[in-house]
file entry.pdb (PDB, C-alpha atoms, pLDDT in the B column)
ATOM      1  CA  MET L  21     134.003 -62.782 158.025  1.00 44.00           C
ATOM      2  CA  GLU L  22     131.567 -62.966 160.950  1.00 55.00           C
ATOM      3  CA  ALA L  23     129.054 -60.696 159.186  1.00 59.00           C
ATOM      4  CA  SER L  24     129.088 -63.019 156.174  1.00 68.00           C
ATOM      5  CA  LEU L  25     128.298 -66.007 158.386  1.00 67.00           C
ATOM      6  CA  HIS L  26     125.501 -64.001 160.025  1.00 64.00           C
ATOM      7  CA  VAL L  27     123.967 -63.220 156.611  1.00 69.00           C
ATOM      8  CA  LYS L  28     124.175 -66.917 155.610  1.00 71.00           C
ATOM      9  CA  ASN L  29     122.431 -67.899 158.850  1.00 69.00           C
ATOM     10  CA  ILE L  30     119.659 -65.372 158.228  1.00 71.00           C
ATOM     11  CA  LYS L  31     119.136 -66.678 154.680  1.00 72.00           C
ATOM     12  CA  LEU L  32     118.982 -70.293 155.873  1.00 70.00           C
ATOM     13  CA  ASN L  33     116.587 -69.340 158.672  1.00 69.00           C
ATOM     14  CA  LYS L  34     114.289 -67.622 156.167  1.00 69.00           C
ATOM     15  CA  LYS L  35     114.302 -70.714 153.930  1.00 67.00           C
ATOM     16  CA  LEU L  36     113.407 -72.949 156.850  1.00 63.00           C
ATOM     17  CA  ASN L  37     110.703 -70.581 158.080  1.00 65.00           C
ATOM     18  CA  ILE L  38     109.108 -70.452 154.639  1.00 62.00           C
ATOM     19  CA  TYR L  39     108.827 -74.229 154.600  1.00 57.00           C
ATOM     20  CA  PHE L  40     107.355 -74.489 158.094  1.00 58.00           C
ATOM     21  CA  ASP L  41     104.942 -71.600 157.611  1.00 59.00           C
ATOM     22  CA  THR L  42     101.345 -72.844 157.860  1.00 55.00           C
ATOM     23  CA  LYS L  43     100.489 -71.399 154.460  1.00 59.00           C
ATOM     24  CA  THR L  44     103.227 -73.507 152.910  1.00 55.00           C
ATOM     25  CA  LEU L  45     102.421 -76.646 154.880  1.00 52.00           C
ATOM     26  CA  PHE L  46      98.739 -76.633 153.986  1.00 55.00           C
ATOM     27  CA  ASN L  47      98.981 -75.497 150.398  1.00 55.00           C
ATOM     28  CA  ASN L  48      97.977 -78.673 148.567  1.00 47.00           C
ATOM     29  CA  GLN L  49      98.679 -77.228 145.133  1.00 49.00           C
ATOM     30  CA  ASN L  50     102.425 -77.079 145.811  1.00 49.00           C
ATOM     31  CA  LYS L  51     102.708 -80.270 147.863  1.00 50.00           C
ATOM     32  CA  ASN L  52     105.346 -81.919 145.652  1.00 48.00           C
ATOM     33  CA  ILE L  53     107.375 -78.730 145.370  1.00 47.00           C
ATOM     34  CA  ASN L  54     107.342 -78.304 149.145  1.00 49.00           C
ATOM     35  CA  LEU L  55     108.551 -81.853 149.767  1.00 49.00           C
ATOM     36  CA  HIS L  56     111.407 -81.358 147.305  1.00 51.00           C
ATOM     37  CA  TYR L  57     112.236 -77.984 148.867  1.00 51.00           C
ATOM     38  CA  LYS L  58     112.286 -79.549 152.340  1.00 53.00           C
ATOM     39  CA  LYS L  59     114.670 -82.292 151.239  1.00 55.00           C
ATOM     40  CA  GLU L  60     116.980 -79.786 149.543  1.00 57.00           C
ATOM     41  CA  ILE L  61     117.151 -77.514 152.603  1.00 54.00           C
ATOM     42  CA  PHE L  62     117.684 -80.280 155.130  1.00 57.00           C
ATOM     43  CA  ASN L  63     120.334 -81.978 153.003  1.00 58.00           C
ATOM     44  CA  LYS L  64     122.295 -78.714 153.012  1.00 58.00           C
ATOM     45  CA  VAL L  65     121.909 -78.370 156.780  1.00 55.00           C
ATOM     46  CA  VAL L  66     122.949 -81.955 157.500  1.00 53.00           C
ATOM     47  CA  LYS L  67     125.985 -81.804 155.224  1.00 56.00           C
ATOM     48  CA  LYS L  68     127.283 -78.689 156.997  1.00 58.00           C
ATOM     49  CA  LYS L  69     126.960 -80.208 160.470  1.00 57.00           C
ATOM     50  CA  LYS L  70     130.367 -81.671 161.223  1.00 63.00           C
ATOM     51  CA  LYS L  71     130.971 -81.353 164.947  1.00 70.00           C
ATOM     52  CA  GLU L  72     129.010 -81.562 168.151  1.00 74.00           C
ATOM     53  CA  ILE L  73     128.675 -78.509 170.342  1.00 73.00           C
ATOM     54  CA  PHE L  74     127.973 -78.849 174.040  1.00 74.00           C
ATOM     55  CA  ILE L  75     126.178 -76.022 175.796  1.00 72.00           C
ATOM     56  CA  ASN L  76     126.145 -75.397 179.510  1.00 75.00           C
ATOM     57  CA  LEU L  77     122.674 -74.574 180.759  1.00 79.00           C
ATOM     58  CA  ASN L  78     122.101 -72.244 183.678  1.00 83.00           C
ATOM     59  CA  ASN L  79     119.063 -72.251 185.918  1.00 87.00           C
ATOM     60  CA  TYR L  80     117.143 -69.003 186.083  1.00 88.00           C
ATOM     61  CA  ASN L  81     118.394 -66.804 188.909  1.00 88.00           C
ATOM     62  CA  LYS L  82     116.043 -63.835 189.279  1.00 90.00           C
ATOM     63  CA  LYS L  83     118.413 -61.616 191.308  1.00 90.00           C
ATOM     64  CA  LYS L  84     121.333 -62.180 188.987  1.00 89.00           C
ATOM     65  CA  TYR L  85     119.320 -61.956 185.763  1.00 90.00           C
ATOM     66  CA  LEU L  86     117.314 -58.830 186.623  1.00 90.00           C
ATOM     67  CA  LYS L  87     120.291 -57.026 188.145  1.00 89.00           C
ATOM     68  CA  LYS L  88     120.560 -54.746 185.109  1.00 87.00           C
ATOM     69  CA  ASP L  89     117.741 -53.483 182.867  1.00 88.00           C
ATOM     70  CA  LYS L  90     114.979 -54.988 185.001  1.00 89.00           C
ATOM     71  CA  SER L  91     112.056 -53.455 183.093  1.00 87.00           C
ATOM     72  CA  TYR L  92     113.219 -54.747 179.695  1.00 88.00           C
ATOM     73  CA  LEU L  93     114.019 -58.240 180.991  1.00 90.00           C
ATOM     74  CA  LYS L  94     110.742 -58.561 182.908  1.00 89.00           C
ATOM     75  CA  PRO L  95     109.098 -60.865 180.297  1.00 88.00           C
ATOM     76  CA  ILE L  96     111.557 -63.608 181.254  1.00 90.00           C
ATOM     77  CA  ASP L  97     110.603 -63.229 184.906  1.00 92.00           C
ATOM     78  CA  ASP L  98     106.914 -63.209 183.943  1.00 93.00           C
ATOM     79  CA  ILE L  99     107.388 -66.531 182.133  1.00 92.00           C
ATOM     80  CA  SER L 100     109.190 -68.026 185.133  1.00 92.00           C
ATOM     81  CA  ASN L 101     106.462 -66.856 187.529  1.00 94.00           C
ATOM     82  CA  TYR L 102     103.707 -68.204 185.271  1.00 94.00           C
ATOM     83  CA  LEU L 103     105.377 -71.623 184.979  1.00 93.00           C
ATOM     84  CA  LYS L 104     105.672 -71.843 188.764  1.00 93.00           C
ATOM     85  CA  LYS L 105     102.163 -70.520 189.472  1.00 95.00           C
ATOM     86  CA  GLU L 106     100.533 -72.958 187.053  1.00 93.00           C
ATOM     87  CA  LYS L 107     102.843 -75.817 188.151  1.00 93.00           C
ATOM     88  CA  LEU L 108     103.718 -76.565 184.536  1.00 91.00           C
ATOM     89  CA  ASN L 109     106.958 -78.371 185.417  1.00 90.00           C
ATOM     90  CA  LYS L 110     104.887 -81.558 185.627  1.00 92.00           C
ATOM     91  CA  TYR L 111     104.337 -81.277 181.848  1.00 93.00           C
ATOM     92  CA  PHE L 112     107.789 -80.201 180.680  1.00 92.00           C
ATOM     93  CA  LYS L 113     111.048 -82.085 180.745  1.00 90.00           C
ATOM     94  CA  TYR L 114     112.830 -78.866 179.768  1.00 89.00           C
ATOM     95  CA  PHE L 115     111.719 -75.276 179.360  1.00 90.00           C
ATOM     96  CA  LEU L 116     114.610 -73.317 177.908  1.00 90.00           C
ATOM     97  CA  VAL L 117     114.954 -69.649 177.145  1.00 89.00           C
ATOM     98  CA  HIS L 118     117.642 -69.042 174.541  1.00 87.00           C
ATOM     99  CA  GLY L 119     118.791 -66.300 172.257  1.00 87.00           C
ATOM    100  CA  SER L 120     119.726 -62.726 172.938  1.00 88.00           C
ATOM    101  CA  LEU L 121     117.517 -62.195 175.997  1.00 87.00           C
ATOM    102  CA  ALA L 122     118.895 -65.333 177.613  1.00 86.00           C
ATOM    103  CA  ASP L 123     122.538 -64.344 177.198  1.00 85.00           C
ATOM    104  CA  LYS L 124     121.800 -60.619 177.638  1.00 87.00           C
ATOM    105  CA  LYS L 125     123.173 -59.688 174.228  1.00 88.00           C
ATOM    106  CA  TYR L 126     119.826 -58.233 173.197  1.00 88.00           C
ATOM    107  CA  ILE L 127     119.002 -55.118 171.244  1.00 87.00           C
ATOM    108  CA  LYS L 128     116.216 -53.067 172.824  1.00 87.00           C
ATOM    109  CA  GLY L 129     113.165 -52.793 170.617  1.00 84.00           C
ATOM    110  CA  TRP L 130     114.386 -55.594 168.349  1.00 86.00           C
ATOM    111  CA  SER L 131     115.061 -58.723 170.390  1.00 85.00           C
ATOM    112  CA  ASP L 132     112.234 -61.054 171.322  1.00 86.00           C
ATOM    113  CA  VAL L 133     111.823 -63.987 173.696  1.00 88.00           C
ATOM    114  CA  ASP L 134     112.988 -67.316 172.261  1.00 89.00           C
ATOM    115  CA  THR L 135     111.961 -70.543 173.983  1.00 90.00           C
ATOM    116  CA  PHE L 136     112.407 -74.253 173.419  1.00 90.00           C
ATOM    117  CA  VAL L 137     110.195 -76.698 175.298  1.00 91.00           C
ATOM    118  CA  VAL L 138     110.510 -80.469 175.607  1.00 91.00           C
ATOM    119  CA  ILE L 139     107.272 -82.089 176.748  1.00 91.00           C
ATOM    120  CA  LYS L 140     107.483 -85.196 178.925  1.00 92.00           C
ATOM    121  CA  ASP L 141     106.705 -88.495 177.159  1.00 91.00           C
ATOM    122  CA  ARG L 142     103.875 -89.411 179.531  1.00 92.00           C
ATOM    123  CA  ILE L 143     102.127 -86.138 178.699  1.00 91.00           C
ATOM    124  CA  LEU L 144     102.331 -86.818 174.967  1.00 89.00           C
ATOM    125  CA  LYS L 145     100.617 -90.157 175.493  1.00 89.00           C
ATOM    126  CA  SER L 146      97.531 -88.529 176.984  1.00 88.00           C
ATOM    127  CA  LYS L 147      95.227 -86.397 174.835  1.00 87.00           C
ATOM    128  CA  LYS L 148      93.630 -85.010 177.988  1.00 89.00           C
ATOM    129  CA  LYS L 149      96.965 -83.919 179.464  1.00 86.00           C
ATOM    130  CA  ILE L 150      98.054 -82.332 176.190  1.00 84.00           C
ATOM    131  CA  LEU L 151      94.866 -80.287 176.091  1.00 82.00           C
TER     132      LEU L 151
END
call {"tool": "encode", "arguments": {"input": "entry.pdb", "output": "structure tokens"}}
result
Amino acid sequence: MEASLHVKNIKLNKKLNIYFDTKTLFNNQNKNINLHYKKEIFNKVVKKKKKEIFINLNNYNKKKYLKKDKSYLKPIDDISNYLKKEKLNKYFKYFLVHGSLADKKYIKGWSDVDTFVVIKDRILKSKKKIL
């Protein structure tokens, strides 16, 4: 049963990625088709969403995180060090790492780094700060 759900998630992800791909977004010839496709996909997603899920977020703890498999998990530490060095917290409300590297359920050679960033409102109001 779980494998079937995984396959459905992969198929939905591929459909969404096709729509948001730059080639699709900027292809003027298929503009009407793309808008219809977008509506169809998002209607399916919205209809399936029935309950809220709350997720507990953990702050990055270098010692705890790099305790096992330090060399493979180093990209996460590199990101953390870069954010601190460049003082980028003034731009971001949240900088989240999620997915298999975040929960350490990764597959070596397959898993990548997944991030989600929320930019502070005051930054979005300034073209100079965005650049």
call {"tool": "residues_around", "arguments": {"input": "entry.pdb", "residues": "Phe136 (chain L)", "least_positions_apart": "6", "cutoff": "12 Å", "atoms": "only C-alpha atoms", "output": "PDB file with C-alpha atoms, in the coordinates of the input"}}
result
ATOM      1  CA  PHE L 112     107.789 -80.201 180.680  1.00 92.00           C
ATOM      2  CA  LYS L 113     111.048 -82.085 180.745  1.00 90.00           C
ATOM      3  CA  TYR L 114     112.830 -78.866 179.768  1.00 89.00           C
ATOM      4  CA  PHE L 115     111.719 -75.276 179.360  1.00 90.00           C
ATOM      5  CA  LEU L 116     114.610 -73.317 177.908  1.00 90.00           C
ATOM      6  CA  VAL L 117     114.954 -69.649 177.145  1.00 89.00           C
ATOM      7  CA  HIS L 118     117.642 -69.042 174.541  1.00 87.00           C
ATOM      8  CA  GLY L 119     118.791 -66.300 172.257  1.00 87.00           C
ATOM      9  CA  ALA L 122     118.895 -65.333 177.613  1.00 86.00           C
TER      10      ALA L 122
END
call {"tool": "resolve_selection", "arguments": {"input": "entry.pdb", "expression": "the PyMOL selection byres ((chain L and resi 99-101) around 12)", "output": "PDB file with C-alpha atoms, in the frame of the given file"}}
result
ATOM      1  CA  ASN L  79     119.063 -72.251 185.918  1.00 87.00           C
ATOM      2  CA  TYR L  80     117.143 -69.003 186.083  1.00 88.00           C
ATOM      3  CA  ASN L  81     118.394 -66.804 188.909  1.00 88.00           C
ATOM      4  CA  LYS L  82     116.043 -63.835 189.279  1.00 90.00           C
ATOM      5  CA  TYR L  85     119.320 -61.956 185.763  1.00 90.00           C
ATOM      6  CA  LEU L  93     114.019 -58.240 180.991  1.00 90.00           C
ATOM      7  CA  LYS L  94     110.742 -58.561 182.908  1.00 89.00           C
ATOM      8  CA  PRO L  95     109.098 -60.865 180.297  1.00 88.00           C
ATOM      9  CA  ILE L  96     111.557 -63.608 181.254  1.00 90.00           C
ATOM     10  CA  ASP L  97     110.603 -63.229 184.906  1.00 92.00           C
ATOM     11  CA  ASP L  98     106.914 -63.209 183.943  1.00 93.00           C
ATOM     12  CA  TYR L 102     103.707 -68.204 185.271  1.00 94.00           C
ATOM     13  CA  LEU L 103     105.377 -71.623 184.979  1.00 93.00           C
ATOM     14  CA  LYS L 104     105.672 -71.843 188.764  1.00 93.00           C
ATOM     15  CA  LYS L 105     102.163 -70.520 189.472  1.00 95.00           C
ATOM     16  CA  GLU L 106     100.533 -72.958 187.053  1.00 93.00           C
ATOM     17  CA  LYS L 107     102.843 -75.817 188.151  1.00 93.00           C
ATOM     18  CA  LEU L 108     103.718 -76.565 184.536  1.00 91.00           C
ATOM     19  CA  ASN L 109     106.958 -78.371 185.417  1.00 90.00           C
ATOM     20  CA  PHE L 115     111.719 -75.276 179.360  1.00 90.00           C
ATOM     21  CA  LEU L 116     114.610 -73.317 177.908  1.00 90.00           C
ATOM     22  CA  VAL L 117     114.954 -69.649 177.145  1.00 89.00           C
ATOM     23  CA  VAL L 133     111.823 -63.987 173.696  1.00 88.00           C
ATOM     24  CA  ASP L 134     112.988 -67.316 172.261  1.00 89.00           C
ATOM     25  CA  THR L 135     111.961 -70.543 173.983  1.00 90.00           C
TER      26      THR L 135
END
call {"tool": "closest_residue", "arguments": {"input": "entry.pdb", "among": "L:Tyr92, L:Asn76, L:Ile30, L:Lys71", "to": "Trp130 (chain L)", "atoms": "all atoms listed in the file"}}
result
L:Tyr92
call {"tool": "axis_aligned_box", "arguments": {"input": "entry.pdb", "around": "region 80-98 of chain L", "padding_each_side": "4 Å", "output": "lines of an AutoDock Vina configuration file"}}
result
center_x = 114.1
center_y = -61.2
center_z = 185.5
size_x = 22.4
size_y = 23.5
size_z = 19.6
call {"tool": "atom_distance", "arguments": {"input": "entry.pdb", "atom1": "CA of Leu121 (chain L)", "atom2": "CA of Ile139 (chain L)"}}
result
22.4 Å
call {"tool": "atom_distance", "arguments": {"input": "entry.pdb", "atom1": "CA of Ile127 (chain L)", "atom2": "CA of Asp89 (chain L)"}}
result
11.8 Å
call {"tool": "closest_residue", "arguments": {"input": "entry.pdb", "among": "L:Lys110, L:Leu77, L:Ser91, L:Lys84", "to": "Lys140 (chain L)", "atoms": "all atoms listed in the file"}}
result
L:Lys110
call {"tool": "atom_distance", "arguments": {"input": "entry.pdb", "atom1": "CA of Tyr126 (chain L)", "atom2": "CA of Glu72 (chain L)"}}
result
25.6 Å
call {"tool": "closest_residue", "arguments": {"input": "entry.pdb", "among": "L:Lys88, L:Leu151, L:Lys83, L:Tyr111", "to": "Val138 (chain L)", "atoms": "all atoms listed in the file"}}
result
L:Tyr111
